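Note: the block below is structure02.txt and it holds compact mmCIF, C-alpha atoms and all ligand atoms.
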```
# COMPACT_ATOMS: atom_id res chain seq x y z
CA MET O 1 31.88 -159.94 221.23
CA ASP O 2 30.75 -161.33 224.56
CA GLY O 3 28.94 -159.78 227.51
CA ASN O 4 26.07 -157.84 225.94
CA GLY O 5 23.46 -159.61 228.04
CA ARG O 6 25.31 -159.10 231.32
CA TRP O 7 25.98 -155.47 230.47
CA ALA O 8 22.22 -154.90 230.17
CA LYS O 9 21.33 -157.02 233.20
CA ARG O 10 23.64 -154.97 235.42
CA ARG O 11 21.63 -151.94 234.40
CA MET O 12 18.28 -153.71 234.97
CA MET O 13 17.58 -153.53 231.25
CA PRO O 14 16.50 -156.22 228.78
CA ARG O 15 19.27 -158.18 227.03
CA SER O 16 18.22 -156.65 223.71
CA VAL O 17 19.44 -153.25 224.94
CA GLY O 18 22.86 -154.82 225.48
CA HIS O 19 22.86 -156.21 221.95
CA THR O 20 21.97 -152.81 220.53
CA ARG O 21 24.83 -151.21 222.49
CA GLY O 22 27.14 -153.98 221.40
CA ALA O 23 26.25 -153.47 217.75
CA LYS O 24 26.93 -149.73 218.06
CA ASN O 25 30.30 -150.47 219.58
CA VAL O 26 31.35 -152.42 216.49
CA GLU O 27 31.52 -149.19 214.51
CA VAL O 28 33.60 -147.48 217.19
CA ILE O 29 36.07 -150.37 217.30
CA CYS O 30 36.29 -150.64 213.50
CA GLU O 31 37.37 -147.03 213.33
CA ALA O 32 39.81 -147.38 216.23
CA ALA O 33 41.30 -150.53 214.73
CA TYR O 34 41.92 -148.86 211.42
CA ASP O 35 43.50 -145.86 213.16
CA LEU O 36 45.86 -148.28 214.91
CA GLY O 37 46.96 -149.68 211.56
CA ILE O 38 44.98 -152.91 211.75
CA LYS O 39 44.18 -154.10 208.25
CA TYR O 40 41.88 -157.07 208.95
CA LEU O 41 39.25 -157.25 211.68
CA THR O 42 36.78 -160.08 212.20
CA VAL O 43 33.97 -159.98 214.75
CA TYR O 44 32.04 -162.98 216.04
CA ALA O 45 28.42 -161.89 215.98
CA PHE O 46 26.40 -165.13 215.97
CA SER O 47 27.55 -168.72 216.26
CA THR O 48 26.07 -171.92 214.87
CA GLU O 49 25.29 -172.70 218.52
CA ASN O 50 23.50 -169.40 219.26
CA TRP O 51 20.30 -170.72 217.64
CA SER O 52 19.66 -172.50 220.94
CA ARG O 53 18.87 -169.14 222.60
CA PRO O 54 15.23 -168.16 223.22
CA ALA O 55 13.44 -167.50 219.91
CA ASP O 56 12.75 -163.84 220.70
CA GLU O 57 16.43 -163.15 221.40
CA VAL O 58 17.43 -164.83 218.12
CA LYS O 59 14.83 -162.73 216.33
CA THR O 60 16.15 -159.52 217.93
CA LEU O 61 19.71 -160.37 216.90
CA MET O 62 18.74 -161.18 213.31
CA LYS O 63 16.83 -157.91 213.04
CA LEU O 64 19.87 -156.08 214.37
CA PHE O 65 22.16 -157.75 211.81
CA SER O 66 19.81 -156.86 208.96
CA ARG O 67 19.67 -153.25 210.09
CA TYR O 68 23.45 -153.01 210.39
CA LEU O 69 24.20 -154.75 207.12
CA LYS O 70 22.10 -152.08 205.42
CA SER O 71 23.72 -149.20 207.28
CA TYR O 72 27.25 -150.59 206.67
CA ARG O 73 26.59 -150.33 202.97
CA LYS O 74 26.63 -146.55 203.24
CA LYS O 75 29.21 -146.21 206.00
CA ALA O 76 31.63 -148.65 204.41
CA MET O 77 31.61 -146.69 201.18
CA ALA O 78 32.36 -143.46 203.07
CA ASN O 79 35.25 -145.14 204.95
CA ASN O 80 36.68 -147.27 202.11
CA MET O 81 35.89 -150.37 204.22
CA ARG O 82 35.33 -153.78 202.69
CA VAL O 83 32.67 -155.89 204.41
CA ARG O 84 32.42 -159.66 204.13
CA ILE O 85 30.33 -162.19 206.01
CA ILE O 86 31.72 -165.55 207.11
CA GLY O 87 29.56 -168.44 208.26
CA ASP O 88 26.91 -170.66 206.72
CA ARG O 89 24.55 -168.29 204.99
CA THR O 90 22.28 -171.09 203.78
CA GLY O 91 20.92 -171.04 207.35
CA LEU O 92 20.03 -167.33 207.11
CA SER O 93 16.86 -165.75 205.75
CA GLU O 94 16.38 -164.76 202.13
CA GLU O 95 16.34 -161.09 203.17
CA MET O 96 19.59 -161.37 205.08
CA ASN O 97 21.21 -163.15 202.15
CA GLU O 98 20.21 -160.24 199.95
CA ASP O 99 21.66 -157.75 202.48
CA ILE O 100 24.88 -159.76 202.58
CA ARG O 101 25.14 -160.02 198.81
CA ARG O 102 24.65 -156.28 198.40
CA VAL O 103 27.12 -155.13 201.05
CA GLU O 104 29.78 -157.55 199.81
CA GLU O 105 29.28 -156.56 196.20
CA GLU O 106 29.22 -152.83 196.80
CA THR O 107 32.27 -152.78 199.06
CA ALA O 108 34.31 -155.41 197.16
CA GLY O 109 36.73 -152.85 195.73
CA ASN O 110 37.36 -150.97 198.99
CA THR O 111 40.96 -151.05 200.16
CA GLY O 112 40.66 -149.71 203.74
CA LEU O 113 39.77 -151.89 206.72
CA GLN O 114 38.94 -155.44 205.63
CA PHE O 115 36.06 -156.18 207.97
CA GLN O 116 34.54 -159.63 208.43
CA ILE O 117 31.37 -160.39 210.39
CA ALA O 118 30.83 -163.98 211.49
CA ILE O 119 27.11 -164.81 211.37
CA ASN O 120 25.83 -168.37 211.76
CA TYR O 121 29.51 -169.16 212.06
CA GLY O 122 31.14 -172.17 213.65
CA GLY O 123 34.74 -173.20 213.10
CA ARG O 124 33.93 -176.89 212.91
CA ASP O 125 31.07 -176.27 210.52
CA GLU O 126 33.34 -174.10 208.36
CA ILE O 127 36.01 -176.82 208.20
CA LEU O 128 33.42 -179.47 207.33
CA ARG O 129 31.97 -177.33 204.53
CA ALA O 130 35.48 -176.67 203.21
CA VAL O 131 36.48 -180.34 203.26
CA ARG O 132 33.32 -181.29 201.39
CA ARG O 133 34.44 -179.02 198.56
CA LEU O 134 37.89 -180.60 198.22
CA LYS O 135 38.54 -182.19 194.86
CA GLY O 136 40.82 -185.03 193.80
CA THR O 137 42.36 -187.81 195.79
CA PRO O 138 42.49 -187.34 199.60
CA ALA O 139 46.18 -188.28 199.71
CA ALA O 140 46.95 -185.18 197.64
CA TRP O 141 44.98 -182.71 199.79
CA THR O 142 47.09 -180.04 201.49
CA ILE O 143 46.63 -177.73 204.45
CA ASP O 144 46.65 -174.81 202.02
CA ASP O 145 43.83 -176.43 200.01
CA ILE O 146 41.66 -176.47 203.13
CA SER O 147 42.66 -172.93 204.14
CA ARG O 148 41.68 -171.67 200.71
CA LEU O 149 38.26 -173.32 200.88
CA LEU O 150 37.38 -171.89 204.30
CA ASP O 151 35.02 -168.91 204.44
CA THR O 152 38.14 -166.85 205.18
CA GLY O 153 39.93 -168.04 202.03
CA GLY O 154 42.36 -165.32 200.94
CA ILE O 155 42.19 -163.54 204.30
CA PRO O 156 45.36 -163.89 206.44
CA ASP O 157 45.20 -165.92 209.66
CA PRO O 158 44.52 -163.76 212.73
CA ASP O 159 47.57 -162.51 214.64
CA LEU O 160 45.55 -161.64 217.71
CA ILE O 161 42.26 -162.92 219.09
CA ILE O 162 40.57 -160.76 221.70
CA ARG O 163 37.82 -162.16 223.88
CA PRO O 164 35.99 -159.75 226.16
CA GLY O 165 33.33 -160.76 228.67
CA GLY O 166 35.46 -162.75 231.09
CA GLU O 167 35.31 -166.23 229.51
CA TYR O 168 38.57 -167.98 228.71
CA ARG O 169 37.59 -170.00 225.69
CA LEU O 170 37.44 -169.81 221.92
CA SER O 171 33.85 -171.03 221.48
CA ASN O 172 34.39 -172.42 217.98
CA PHE O 173 35.76 -169.15 216.56
CA LEU O 174 38.35 -169.39 213.77
CA ILE O 175 39.66 -172.65 215.23
CA TRP O 176 41.63 -173.59 212.11
CA GLN O 177 42.96 -170.10 211.48
CA SER O 178 44.01 -169.39 215.07
CA ALA O 179 46.64 -172.16 215.23
CA TYR O 180 49.38 -169.57 215.90
CA ALA O 181 47.31 -166.62 217.07
CA GLU O 182 48.04 -164.75 220.28
CA PHE O 183 45.15 -164.55 222.75
CA TYR O 184 44.01 -161.62 224.83
CA PHE O 185 41.25 -162.13 227.40
CA THR O 186 39.59 -159.36 229.36
CA ASP O 187 36.71 -159.16 231.83
CA VAL O 188 35.47 -155.98 230.16
CA LEU O 189 32.02 -156.59 228.67
CA TRP O 190 31.76 -155.99 224.94
CA PRO O 191 29.60 -152.82 225.08
CA ASP O 192 32.30 -151.32 227.36
CA PHE O 193 35.19 -152.45 225.19
CA SER O 194 36.63 -149.07 224.21
CA PRO O 195 39.37 -147.94 221.82
CA GLU O 196 41.51 -147.67 224.95
CA GLU O 197 40.93 -151.38 225.65
CA LEU O 198 41.82 -152.19 222.06
CA LYS O 199 45.09 -150.32 222.54
CA HIS O 200 45.82 -152.41 225.64
CA ALA O 201 45.27 -155.57 223.62
CA VAL O 202 47.52 -154.39 220.80
CA THR O 203 50.23 -153.36 223.28
CA PHE O 204 50.00 -156.84 224.82
CA TYR O 205 50.33 -158.35 221.36
CA ALA O 206 53.34 -156.19 220.51
CA GLY O 207 55.14 -157.65 223.52
CA ARG O 208 54.69 -161.27 222.44
CA ASP O 209 57.60 -163.30 221.09
CA ARG O 210 56.18 -165.33 218.21
CA ARG O 211 58.31 -168.35 217.44
CA TYR O 212 55.86 -170.44 215.36
CA GLY O 213 57.28 -173.61 216.85
CA GLY O 214 60.87 -172.47 216.41
CA VAL O 215 63.22 -171.34 219.20
C1 LIG O 301 26.80 -161.13 222.88
O1 LIG O 301 26.89 -161.32 224.24
C2 LIG O 301 27.12 -162.33 222.05
C3 LIG O 301 26.10 -162.63 221.00
C4 LIG O 301 25.74 -163.88 220.74
C5 LIG O 301 25.50 -161.56 220.22
P1 LIG O 301 25.97 -162.36 225.05
O2 LIG O 301 24.58 -162.30 224.55
O3 LIG O 301 26.63 -163.70 225.02
O4 LIG O 301 26.05 -161.73 226.50
P2 LIG O 301 26.20 -162.49 227.88
O5 LIG O 301 27.36 -163.43 227.76
O6 LIG O 301 24.90 -163.20 228.12
O7 LIG O 301 26.45 -161.40 228.86
MG MG O 302 27.90 -164.76 226.26
```

Spell out the structure here as structure tokens.
Amino acid sequence: MDGNGRWAKRRMMPRSVGHTRGAKNVEVICEAAYDLGIKYLTVYAFSTENWSRPADEVKTLMKLFSRYLKSYRKKAMANNMRVRIIGDRTGLSEEMNEDIRRVEEETAGNTGLQFQIAINYGGRDEILRAVRRLKGTPAAWTIDDISRLLDTGGIPDPDLIIRPGGEYRLSNFLIWQSAYAEFYFTDVLWPDFSPEELKHAVTFYAGRDRRYGGV
């Protein structure tokens, strides 16, 4: 979800306003995704590298996450949505860990949209943490063993990765899981990314010929 800061700047407003708008947009896109028949949706909210931002921006973002994790608890139950957090939660506050635990527990049985939020997430960090949990002799380790131990264990690999905000890079997002993903880049800034834009991305995806290395 890129472009919150620029969205606000263009309107001569503080970056935090962009983040608030961006957070609101998540709900809109969750609903639109589910209406389109998307079963799994993962959003990249905060990376392991985002800690290098100014302390007050980090604080604003963390406050926003806490607020939304609490509100998702109610909304997810009303919409049959399951919420999970991926990323290294040992780097998050006690309060946020409690919010995460509660929303995951309460929504665990929901069978609608399977919604993942990446907070303090980095693909390399995730792989390292997974590898550290591998058991047995290294020669016997399999790709599936690693996949299972990732934060996304049990969640299918993404078919489509959408990056708004005009940058053409992955920025450490789902780097293991995206080996065969299709990519959709758009200059639209995240707060402006509408259900219509999502439809464009899905239409683009539907036109791809996925050969998985075959012919
Ligand atoms: C949101 O957009 C991404 C988050 C880390 C929450 P940015 O904050 O990166 O916005 P830009 O790229 O500065 O416009
Ligand atoms: Mg950015």

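Residues of protein, DNA or RNA having any atom at most 9 Å from ligand MG 302 (chain O), counting only C-alpha atoms and all ligand atoms, are Met1, Asp2, Gly3, Asn4, Gly5, Arg6, Gly165 and Glu167 of chain O.
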
Would you output that residue set with C-alpha atoms, as a PDB file, keeping the file's coordinate frame?
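As a result, result.pdb now contains:
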```pdb
ATOM      1  CA  MET O   1      31.880-159.940 221.230  1.00  0.00           C
ATOM      2  CA  ASP O   2      30.750-161.330 224.560  1.00  0.00           C
ATOM      3  CA  GLY O   3      28.940-159.780 227.510  1.00  0.00           C
ATOM      4  CA  ASN O   4      26.070-157.840 225.940  1.00  0.00           C
ATOM      5  CA  GLY O   5      23.460-159.610 228.040  1.00  0.00           C
ATOM      6  CA  ARG O   6      25.310-159.100 231.320  1.00  0.00           C
ATOM      7  CA  GLY O 165      33.330-160.760 228.670  1.00  0.00           C
ATOM      8  CA  GLU O 167      35.310-166.230 229.510  1.00  0.00           C
TER       9      GLU O 167
END
```

Give the residues close to ligand LIG 301 (chain O), within 10 Å, counting only C-alpha atoms and all ligand atoms; write them as a ChimeraX atom specification.
-> /O:1-10,15-16,18-20,22-23,44-51,53,57-58,60-62,64-65,119,164-167,189-191

Tell me, as a list in words, which residues lie within 7 Å of region 180-187 of chain O, counting only C-alpha atoms; anything in the same chain fewer than 3 positions away does not count.
-> Pro158, Asp159, Leu160, Ile161, Ile162, Arg163, Pro164, Gly165, Gly166, Tyr168, Ala201, Tyr205 and Tyr212 of chain O

Expressed in Å, the length from CA of Leu41 (chain O) to CA of Asn172 (chain O) is 17.1 Å

Could you pull the residues within 8 Å of region 93-102 of chain O, counting all atoms listed in the file, minus those fewer than 4 positions along the same chain, as an MDAnalysis selection string?
-> chainID O and resid 66 69:70 73 84:85 89 106

Val83 (chain O) environment, 9 Å, all atoms listed in the file, sequence neighbours closer than 3 positions dropped, as a ChimeraX atom specification | /O:69,72-73,76,100,103-108,110,113-117

In terms of the shortest atom-to-atom distance over only C-alpha atoms, which of O:Ile175, O:Ala78, O:Met12, O:Val215 is closest to Thr152 (chain O)?
-> O:Ile175

Computed interatomic separation between CA of Glu31 (chain O) and CA of Thr111 (chain O) (Å) | 14.2 Å
